[in-house]
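Scroll down for the structure; my scribbles are underneath it.
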Amino acid sequence: MNPRVNKNFRKQIILGLASCVTICAIASLGFSAHAQKREAPAMSDDKGKFVINVNGMPVGTEDFSIARAGSDWIARGTTELRAGEGTSRITGELRLNGAIEPLQYMCSSGSGKKVTSTTTFAGTSAHNILDLGEGKEPIRQDFKFASPVVVLDDNLYYQYEILARTYNWKAGGVQTFAVFIPQEQAPGTITAEAGAPATVDGTKYEQLTMRTPDLEVTLYLDSAHRLMRLLVPASKAEIRRQ
């Protein structure tokens, strides 16, 4: 795993407020990932709200939706995080094809002088345009991946449900995914592995655990693989569907 990605996942999970991107000095990055042969994943409409807690205290919310758009899918999320007396707002819109591979992703953060990022995907390539909201020429970068990529952006947790739908549940076991964090301009890899069903607070869930070398995130999903809870023990963070 790219150590930059490890740092960014940690930042994401402990809910450091996201300001769109620290720019990489390199114009094009590549990495290798072991790609599994996957079945065509099942996708379905979903809509809801997540409550974000750290140390048992609510620190923000995310409203999200996943809906069909012709032969594609559109997934949207808006997260609001409280920081002292202020609130940070992050929005993201992800368009996917029928195989749940990303086609385009747009995100924005901040108020007043907004930072926006648009990434267009074509198989294992991606082109990103970043506007820092300073009236200057946008920054453009190209990325190459060894396999189709999963988008997991800072503080937008609906994207973990898309990861769960991309996972090949029939095959099971450890599966490796190329991953891209647009707000951090960081590519890398993660692994995901299904665990035995678990009962939490009297409700039975399917489990999917995502790992990097120094971080573990567990997703709790209903029978339709909708994300219901997300736990990060190392940072005492929990995201729960309202």
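Lettering and numbering for the structure tokens are positional, with chains as A, B, ... in the shown order, residues counted from 1 in each chain, and ligands counted from 1 in the shown order.
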
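Contact shell of A:Gly173 at 12 Å (only C-alpha atoms; same-chain neighbours under 4 positions omitted): A:Gln36, A:Tyr167, A:Asn168, A:Trp169, A:Thr191, A:Ala192, A:Glu193, A:Ala194, A:Gly195, A:Ala196, A:Leu208, A:Thr209, A:Met210.
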
Item checked: Close residues, A:Thr78 itself excluded, 6 Å, only C-alpha atoms, min 4 positions apart in chain, as number ranges by chain -> A: 62-63, 90-91

Go ahead and save the residues from that selection, with N, CA and C atoms, as a compact mmCIF listing (two decimals), in the first residue's frame.
```txt
# COMPACT_ATOMS: atom_id res chain seq x y z
N GLU A 62 -24.40 12.68 7.01
CA GLU A 62 -24.29 12.58 5.56
C GLU A 62 -25.64 12.15 4.98
N ASP A 63 -26.18 12.94 4.06
CA ASP A 63 -27.36 12.57 3.30
C ASP A 63 -26.90 12.02 1.96
N ILE A 90 -19.10 19.00 2.55
CA ILE A 90 -18.45 18.30 1.43
C ILE A 90 -19.53 17.62 0.60
N THR A 91 -19.49 17.79 -0.70
CA THR A 91 -20.46 17.12 -1.58
C THR A 91 -19.71 16.30 -2.62
```

Next item on the list: Could you please write out, as a VMD selection string, every residue of stretch 5-241 of chain A that DSSP assigns to strand (DSSP E or B)?
Entry: chain A and resid 28 to 29 46 to 54 57 to 69 72 to 83 86 to 96 102 to 109 115 to 122 125 to 131 139 to 144 149 to 151 174 to 181 186 to 200 203 to 212 215 to 221 227 to 232 237 to 241

Store the residues of this selection in a file with C-alpha atoms, as a short mmCIF file (atom, residue, chain, number, x, y, z; two decimals), in the first residue's frame.
```cif
data_model
loop_
_atom_site.label_atom_id
_atom_site.label_comp_id
_atom_site.auth_asym_id
_atom_site.auth_seq_id
_atom_site.Cartn_x
_atom_site.Cartn_y
_atom_site.Cartn_z
CA SER A 28 1.00 11.00 -13.47
CA LEU A 29 1.03 8.21 -10.90
CA ASP A 46 -30.96 3.47 -1.97
CA LYS A 47 -31.43 6.68 -0.03
CA GLY A 48 -30.82 7.68 3.57
CA LYS A 49 -28.78 9.50 6.18
CA PHE A 50 -25.71 8.49 8.17
CA VAL A 51 -24.91 9.91 11.59
CA ILE A 52 -21.17 10.28 12.15
CA ASN A 53 -19.92 9.67 15.70
CA VAL A 54 -16.48 9.88 17.27
CA MET A 57 -20.51 11.80 20.27
CA PRO A 58 -22.21 12.97 17.05
CA VAL A 59 -19.96 15.19 14.92
CA GLY A 60 -21.85 15.29 11.63
CA THR A 61 -24.24 13.74 9.16
CA GLU A 62 -24.29 12.58 5.56
CA ASP A 63 -27.36 12.57 3.30
CA PHE A 64 -26.96 10.26 0.32
CA SER A 65 -28.79 8.64 -2.58
CA ILE A 66 -28.05 5.96 -5.17
CA ALA A 67 -30.35 5.84 -8.19
CA ARG A 68 -30.45 4.45 -11.71
CA ALA A 69 -29.89 6.90 -14.57
CA ASP A 72 -25.82 4.05 -15.51
CA TRP A 73 -26.05 4.83 -11.80
CA ILE A 74 -25.73 8.16 -10.00
CA ALA A 75 -24.60 8.18 -6.36
CA ARG A 76 -24.63 11.45 -4.41
CA GLY A 77 -23.65 12.42 -0.90
CA THR A 78 -23.49 15.62 1.17
CA THR A 79 -21.62 15.55 4.48
CA GLU A 80 -21.73 18.26 7.12
CA LEU A 81 -19.15 18.11 9.90
CA ARG A 82 -19.08 20.37 12.92
CA ALA A 83 -15.76 21.99 13.79
CA GLY A 86 -18.39 26.25 12.30
CA THR A 87 -19.56 23.58 9.87
CA SER A 88 -17.64 22.01 7.00
CA ARG A 89 -19.65 20.86 3.98
CA ILE A 90 -18.45 18.30 1.43
CA THR A 91 -20.46 17.12 -1.58
CA GLY A 92 -19.73 14.37 -4.06
CA GLU A 93 -21.50 12.96 -7.13
CA LEU A 94 -20.34 9.69 -8.67
CA ARG A 95 -21.58 8.32 -12.01
CA LEU A 96 -21.06 4.57 -12.53
CA PRO A 102 -16.71 4.88 -12.19
CA LEU A 103 -17.28 7.11 -15.21
CA GLN A 104 -17.12 10.56 -13.59
CA TYR A 105 -16.76 11.95 -10.08
CA MET A 106 -17.28 15.55 -8.97
CA CYS A 107 -16.66 16.90 -5.47
CA SER A 108 -16.62 20.29 -3.80
CA SER A 109 -15.80 21.59 -0.34
CA VAL A 115 -12.61 24.07 -4.14
CA THR A 116 -13.95 21.74 -6.85
CA SER A 117 -12.56 18.60 -8.40
CA THR A 118 -13.80 16.67 -11.45
CA THR A 119 -12.37 13.28 -12.37
CA THR A 120 -13.25 11.48 -15.61
CA PHE A 121 -12.51 7.75 -15.79
CA ALA A 122 -11.91 5.59 -18.86
CA SER A 125 -7.17 5.76 -16.75
CA ALA A 126 -8.43 8.93 -15.07
CA HIS A 127 -8.13 12.64 -15.81
CA ASN A 128 -8.60 15.11 -12.97
CA ILE A 129 -9.31 18.86 -13.13
CA LEU A 130 -8.87 20.75 -9.87
CA ASP A 131 -10.08 24.32 -9.33
CA ILE A 139 -4.69 22.08 -12.25
CA ARG A 140 -4.86 18.99 -14.47
CA GLN A 141 -3.47 15.53 -13.71
CA ASP A 142 -3.64 12.10 -15.31
CA PHE A 143 -3.63 8.80 -13.42
CA LYS A 144 -3.11 5.21 -14.51
CA VAL A 149 -10.82 1.56 -9.73
CA VAL A 150 -13.08 2.14 -6.71
CA VAL A 151 -13.61 5.75 -5.54
CA VAL A 174 -9.67 -11.60 0.31
CA GLN A 175 -10.14 -9.41 -2.76
CA THR A 176 -7.87 -6.54 -3.78
CA PHE A 177 -9.14 -3.29 -5.27
CA ALA A 178 -7.49 -0.34 -6.92
CA VAL A 179 -8.67 2.76 -5.07
CA PHE A 180 -8.59 6.49 -5.75
CA ILE A 181 -9.15 9.29 -3.21
CA ALA A 186 -3.99 9.62 -4.09
CA PRO A 187 -4.19 6.22 -5.80
CA GLY A 188 -3.40 2.92 -4.08
CA THR A 189 -4.85 -0.47 -3.18
CA ILE A 190 -7.05 -1.91 -0.44
CA THR A 191 -8.23 -5.41 0.41
CA ALA A 192 -11.74 -6.44 1.40
CA GLU A 193 -12.83 -9.70 3.01
CA ALA A 194 -16.28 -10.97 4.00
CA GLY A 195 -16.61 -12.29 7.53
CA ALA A 196 -19.21 -14.42 9.25
CA PRO A 197 -22.60 -12.76 9.83
CA ALA A 198 -22.66 -10.80 13.10
CA THR A 199 -25.44 -9.72 15.44
CA VAL A 200 -25.10 -6.17 16.79
CA THR A 203 -29.78 -7.07 14.46
CA LYS A 204 -28.02 -9.53 12.16
CA TYR A 205 -25.62 -8.10 9.57
CA GLU A 206 -23.29 -9.26 6.84
CA GLN A 207 -19.70 -8.14 7.51
CA LEU A 208 -17.09 -6.81 5.11
CA THR A 209 -13.70 -5.77 6.47
CA MET A 210 -11.49 -3.37 4.54
CA ARG A 211 -7.78 -3.32 5.37
CA THR A 212 -4.62 -1.39 4.70
CA LEU A 215 -5.87 0.32 9.42
CA GLU A 216 -9.01 -1.82 9.58
CA VAL A 217 -12.56 -0.71 8.77
CA THR A 218 -15.59 -3.00 9.19
CA LEU A 219 -18.79 -2.52 7.23
CA TYR A 220 -22.07 -3.93 8.57
CA LEU A 221 -24.58 -4.54 5.78
CA LEU A 227 -24.50 -0.07 4.40
CA MET A 228 -26.02 0.16 7.89
CA ARG A 229 -22.98 0.77 10.08
CA LEU A 230 -19.26 1.39 9.65
CA LEU A 231 -16.80 0.97 12.53
CA VAL A 232 -13.17 2.05 12.88
CA ALA A 237 -15.35 6.30 14.92
CA GLU A 238 -18.77 4.93 13.97
CA ILE A 239 -21.03 5.80 11.07
CA ARG A 240 -24.59 4.57 11.53
CA ARG A 241 -27.65 4.76 9.29
#
```

Check: By how many Å are atom CA of A:Gln185 and atom CA of A:Asp153 apart?
Finding: 9.7 Å

Note to self: Just list as a PyMOL selection string whatever in stretch 4-242 of chain A DSSP marks as alpha helix (DSSP H).
What the structure shows: chain A and resi 4-13+158-166

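The nearest approach to A:Met43 among the residues A:Ser71, A:Thr124, A:Gln183, A:Asn155, with only C-alpha atoms taken into account, belongs to A:Ser71.
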